[in-house]
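Asker: So that you have it, the file is data14.txt, and it contains compact mmCIF, C-alpha atoms:
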# COMPACT_ATOMS: atom_id res chain seq x y z
CA MET A 1 0.00 0.00 0.00
CA THR A 2 1.32 3.44 -0.92
CA LEU A 3 0.60 4.99 2.50
CA GLU A 4 2.40 2.17 4.26
CA LYS A 5 5.45 2.63 2.00
CA LEU A 6 5.37 6.37 2.61
CA ALA A 7 5.09 5.88 6.38
CA ALA A 8 8.06 3.48 6.29
CA THR A 9 10.13 5.98 4.29
CA ILE A 10 9.27 8.74 6.76
CA ALA A 11 10.21 6.51 9.71
CA SER A 12 13.53 5.70 8.04
CA ARG A 13 14.35 9.39 7.77
CA LYS A 14 14.03 10.05 11.51
CA GLY A 15 17.44 11.15 12.72
CA GLY A 16 18.64 11.45 9.14
CA ASP A 17 20.62 14.29 7.62
CA PRO A 18 18.43 17.40 7.47
CA GLU A 19 20.59 18.72 4.64
CA SER A 20 19.75 15.81 2.35
CA SER A 21 16.11 15.04 3.23
CA TRP A 22 13.09 17.32 3.53
CA THR A 23 11.48 14.76 5.85
CA ALA A 24 14.55 14.63 8.10
CA LYS A 25 14.61 18.44 8.11
CA LEU A 26 10.97 18.64 9.21
CA LEU A 27 11.43 15.98 11.89
CA ALA A 28 14.57 17.70 13.19
CA LYS A 29 12.52 20.86 13.77
CA GLY A 30 10.34 18.97 16.24
CA PRO A 31 6.72 17.93 16.61
CA GLU A 32 5.41 21.47 16.91
CA LYS A 33 6.83 22.49 13.51
CA CYS A 34 5.54 19.25 11.97
CA ALA A 35 2.06 20.02 13.35
CA GLU A 36 2.25 23.59 12.05
CA LYS A 37 3.18 22.35 8.57
CA PHE A 38 0.33 19.81 8.63
CA GLY A 39 -2.08 22.61 9.55
CA GLU A 40 -0.85 24.79 6.68
CA GLU A 41 -1.34 21.96 4.21
CA ALA A 42 -4.81 21.17 5.59
CA VAL A 43 -5.86 24.80 5.10
CA GLU A 44 -4.54 24.73 1.53
CA ALA A 45 -6.61 21.58 0.87
CA ILE A 46 -9.70 23.25 2.32
CA ILE A 47 -9.21 26.26 0.04
CA GLU A 48 -8.96 24.02 -3.03
CA ALA A 49 -12.04 22.04 -1.94
CA VAL A 50 -14.01 25.28 -1.72
CA LYS A 51 -12.72 26.46 -5.09
CA GLY A 52 -13.70 23.16 -6.68
CA ASP A 53 -10.41 22.61 -8.54
CA ARG A 54 -10.20 18.81 -8.56
CA ALA A 55 -6.57 18.59 -9.69
CA ARG A 56 -5.35 21.12 -7.11
CA LEU A 57 -7.39 19.44 -4.38
CA THR A 58 -5.85 16.09 -5.30
CA SER A 59 -2.37 17.58 -5.06
CA GLU A 60 -3.07 19.31 -1.75
CA ALA A 61 -4.67 16.14 -0.35
CA ALA A 62 -1.45 14.26 -1.12
CA ASP A 63 0.47 16.97 0.75
CA VAL A 64 -1.93 16.63 3.70
CA LEU A 65 -1.43 12.86 3.89
CA TYR A 66 2.36 13.21 3.73
CA HIS A 67 2.46 15.91 6.42
CA LEU A 68 0.01 13.96 8.61
CA LEU A 69 2.37 10.99 8.53
CA VAL A 70 5.35 13.24 9.34
CA MET A 71 3.47 14.77 12.27
CA LEU A 72 2.53 11.32 13.55
CA ALA A 73 6.13 10.12 13.22
CA ALA A 74 7.31 13.16 15.17
CA ARG A 75 5.20 11.91 18.09
CA ASP A 76 6.02 8.21 17.57
CA VAL A 77 2.50 7.35 16.41
CA THR A 78 2.55 4.87 13.55
CA LEU A 79 0.19 4.45 10.63
CA ALA A 80 -0.53 1.01 12.09
CA ASP A 81 -1.68 2.69 15.33
CA VAL A 82 -4.09 4.88 13.38
CA LEU A 83 -5.36 2.00 11.26
CA ALA A 84 -5.94 -0.08 14.41
CA GLU A 85 -8.02 2.76 15.84
CA LEU A 86 -10.07 2.90 12.62
CA ASP A 87 -10.54 -0.87 12.80
CA ARG A 88 -11.72 -0.51 16.40
CA ARG A 89 -14.32 2.03 15.28
CA GLU A 90 -15.58 -0.02 12.34
CA GLY A 91 -19.27 -0.78 12.60
CA THR A 92 -19.83 1.96 15.18
CA SER A 93 -21.97 4.90 14.20
CA GLY A 94 -20.00 8.14 14.09
CA ILE A 95 -22.57 9.73 16.38
CA ALA A 96 -22.25 6.91 18.93
CA GLU A 97 -18.44 6.92 18.70
CA LYS A 98 -18.23 10.66 19.29
CA ALA A 99 -20.66 10.45 22.23
CA GLY A 100 -18.42 7.80 23.82
CA ARG A 101 -15.39 10.09 23.98
I'd like the structure from this file rewritten - as structure tokens, please.

Answerer:
Amino acid sequence: MTLEKLAATIASRKGGDPESSWTAKLLAKGPEKCAEKFGEEAVEAIIEAVKGDRARLTSEAADVLYHLLVMLAARDVTLADVLAELDRREGTSGIAEKAGR
């Protein structure tokens, strides 16, 4: 799966040379910077969704997924952790799940 490969690549860049890897550079700046970058990309995706430009939204959505995985890696949360949580929620109404928090 593409997301799993991307998550593995991101994990392999932790502690890498920030001069040779954008991912290593982001991770070296810490979780707060990774979260900030994710937020910026999410806003850009929202703007493209509102505009209705399918190609730009697709591109921004890819950026959002990448930066989400970087942010998770910065806090040692794996894609597998997130997928397990989604599996746990499967079959539960969103309304019921939210009420149980």

Asker: What is the CA of Lys5 in chain A-CA of Leu69 in chain A distance in Å, reported with one decimal?

Answerer: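 Interatomic distance here is 11.0 Å.
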
Asker: Name the residues in contact with range 45-55 of chain A at a cut-off of 9 Å, using only C-alpha atoms, excluding same-chain residues fewer than 6 positions from it; report them as an MDAnalysis selection string.

Answerer: chainID A and resid 61 63:64

Asker: Under the rule that only C-alpha atoms are counted, which of A:Lys25, A:Glu60, A:Val70, A:Glu36 is the nearest residue to Ile10 in chain A?

Answerer: A:Val70

Asker: Take CA of Gly39 in chain A and CA of Leu83 in chain A and report the distance between them in Å, one decimal.

Answerer: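 Atom-to-atom, CA of Gly39 in chain A to CA of Leu83 in chain A, that is 20.9 Å.
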
Asker: Neighbours of Thr23 in chain A within 12 Å (all atoms listed in the file; same-chain residues fewer than 2 positions away dropped), as an MDAnalysis selection string?

Answerer: chainID A and resid 6:21 25:30 33:34 37 66:71 73:74

Asker: Could you save those same residues with C-alpha atoms as a short mmCIF file (atom, residue, chain, number, x, y, z; two decimals), keeping the file's coordinate frame?

Answerer:
data_model
loop_
_atom_site.label_atom_id
_atom_site.label_comp_id
_atom_site.auth_asym_id
_atom_site.auth_seq_id
_atom_site.Cartn_x
_atom_site.Cartn_y
_atom_site.Cartn_z
CA LEU A 6 5.37 6.37 2.61
CA ALA A 7 5.09 5.88 6.38
CA ALA A 8 8.06 3.48 6.29
CA THR A 9 10.13 5.98 4.29
CA ILE A 10 9.27 8.74 6.76
CA ALA A 11 10.21 6.51 9.71
CA SER A 12 13.53 5.70 8.04
CA ARG A 13 14.35 9.39 7.77
CA LYS A 14 14.03 10.05 11.51
CA GLY A 15 17.44 11.15 12.72
CA GLY A 16 18.64 11.45 9.14
CA ASP A 17 20.62 14.29 7.62
CA PRO A 18 18.43 17.40 7.47
CA GLU A 19 20.59 18.72 4.64
CA SER A 20 19.75 15.81 2.35
CA SER A 21 16.11 15.04 3.23
CA LYS A 25 14.61 18.44 8.11
CA LEU A 26 10.97 18.64 9.21
CA LEU A 27 11.43 15.98 11.89
CA ALA A 28 14.57 17.70 13.19
CA LYS A 29 12.52 20.86 13.77
CA GLY A 30 10.34 18.97 16.24
CA LYS A 33 6.83 22.49 13.51
CA CYS A 34 5.54 19.25 11.97
CA LYS A 37 3.18 22.35 8.57
CA TYR A 66 2.36 13.21 3.73
CA HIS A 67 2.46 15.91 6.42
CA LEU A 68 0.01 13.96 8.61
CA LEU A 69 2.37 10.99 8.53
CA VAL A 70 5.35 13.24 9.34
CA MET A 71 3.47 14.77 12.27
CA ALA A 73 6.13 10.12 13.22
CA ALA A 74 7.31 13.16 15.17
#

Asker: Could you check how far CA of Pro31 in chain A sits from CA of Arg75 in chain A, in Å to one decimal?

Answerer: 6.4 Å

Asker: For range 31-43 of chain A, supply N, CA and C atoms and format the output as a PDB file, in the frame of the given file.

Answerer:
ATOM      1  N   PRO A  31       8.142  18.210  16.828  1.00  0.00           N
ATOM      2  CA  PRO A  31       6.720  17.930  16.610  1.00  0.00           C
ATOM      3  C   PRO A  31       5.863  19.176  16.386  1.00  0.00           C
ATOM      4  N   GLU A  32       6.215  20.255  17.046  1.00  0.00           N
ATOM      5  CA  GLU A  32       5.410  21.470  16.910  1.00  0.00           C
ATOM      6  C   GLU A  32       5.482  22.003  15.476  1.00  0.00           C
ATOM      7  N   LYS A  33       6.676  22.026  14.886  1.00  0.00           N
ATOM      8  CA  LYS A  33       6.830  22.490  13.510  1.00  0.00           C
ATOM      9  C   LYS A  33       6.127  21.543  12.544  1.00  0.00           C
ATOM     10  N   CYS A  34       6.218  20.229  12.815  1.00  0.00           N
ATOM     11  CA  CYS A  34       5.540  19.250  11.970  1.00  0.00           C
ATOM     12  C   CYS A  34       4.024  19.466  12.017  1.00  0.00           C
ATOM     13  N   ALA A  35       3.493  19.758  13.203  1.00  0.00           N
ATOM     14  CA  ALA A  35       2.060  20.020  13.350  1.00  0.00           C
ATOM     15  C   ALA A  35       1.672  21.305  12.622  1.00  0.00           C
ATOM     16  N   GLU A  36       2.506  22.324  12.735  1.00  0.00           N
ATOM     17  CA  GLU A  36       2.250  23.590  12.050  1.00  0.00           C
ATOM     18  C   GLU A  36       2.188  23.374  10.538  1.00  0.00           C
ATOM     19  N   LYS A  37       3.131  22.618  10.008  1.00  0.00           N
ATOM     20  CA  LYS A  37       3.180  22.350   8.570  1.00  0.00           C
ATOM     21  C   LYS A  37       1.959  21.558   8.133  1.00  0.00           C
ATOM     22  N   PHE A  38       1.545  20.567   8.935  1.00  0.00           N
ATOM     23  CA  PHE A  38       0.330  19.810   8.630  1.00  0.00           C
ATOM     24  C   PHE A  38      -0.872  20.756   8.571  1.00  0.00           C
ATOM     25  N   GLY A  39      -0.969  21.650   9.527  1.00  0.00           N
ATOM     26  CA  GLY A  39      -2.080  22.610   9.550  1.00  0.00           C
ATOM     27  C   GLY A  39      -2.096  23.492   8.315  1.00  0.00           C
ATOM     28  N   GLU A  40      -0.933  23.961   7.894  1.00  0.00           N
ATOM     29  CA  GLU A  40      -0.850  24.790   6.680  1.00  0.00           C
ATOM     30  C   GLU A  40      -1.357  24.016   5.471  1.00  0.00           C
ATOM     31  N   GLU A  41      -0.933  22.776   5.361  1.00  0.00           N
ATOM     32  CA  GLU A  41      -1.340  21.960   4.210  1.00  0.00           C
ATOM     33  C   GLU A  41      -2.840  21.653   4.262  1.00  0.00           C
ATOM     34  N   ALA A  42      -3.370  21.431   5.456  1.00  0.00           N
ATOM     35  CA  ALA A  42      -4.810  21.170   5.590  1.00  0.00           C
ATOM     36  C   ALA A  42      -5.615  22.387   5.140  1.00  0.00           C
ATOM     37  N   VAL A  43      -5.171  23.574   5.520  1.00  0.00           N
ATOM     38  CA  VAL A  43      -5.860  24.800   5.100  1.00  0.00           C
ATOM     39  C   VAL A  43      -5.801  24.943   3.579  1.00  0.00           C
TER      40      VAL A  43
END
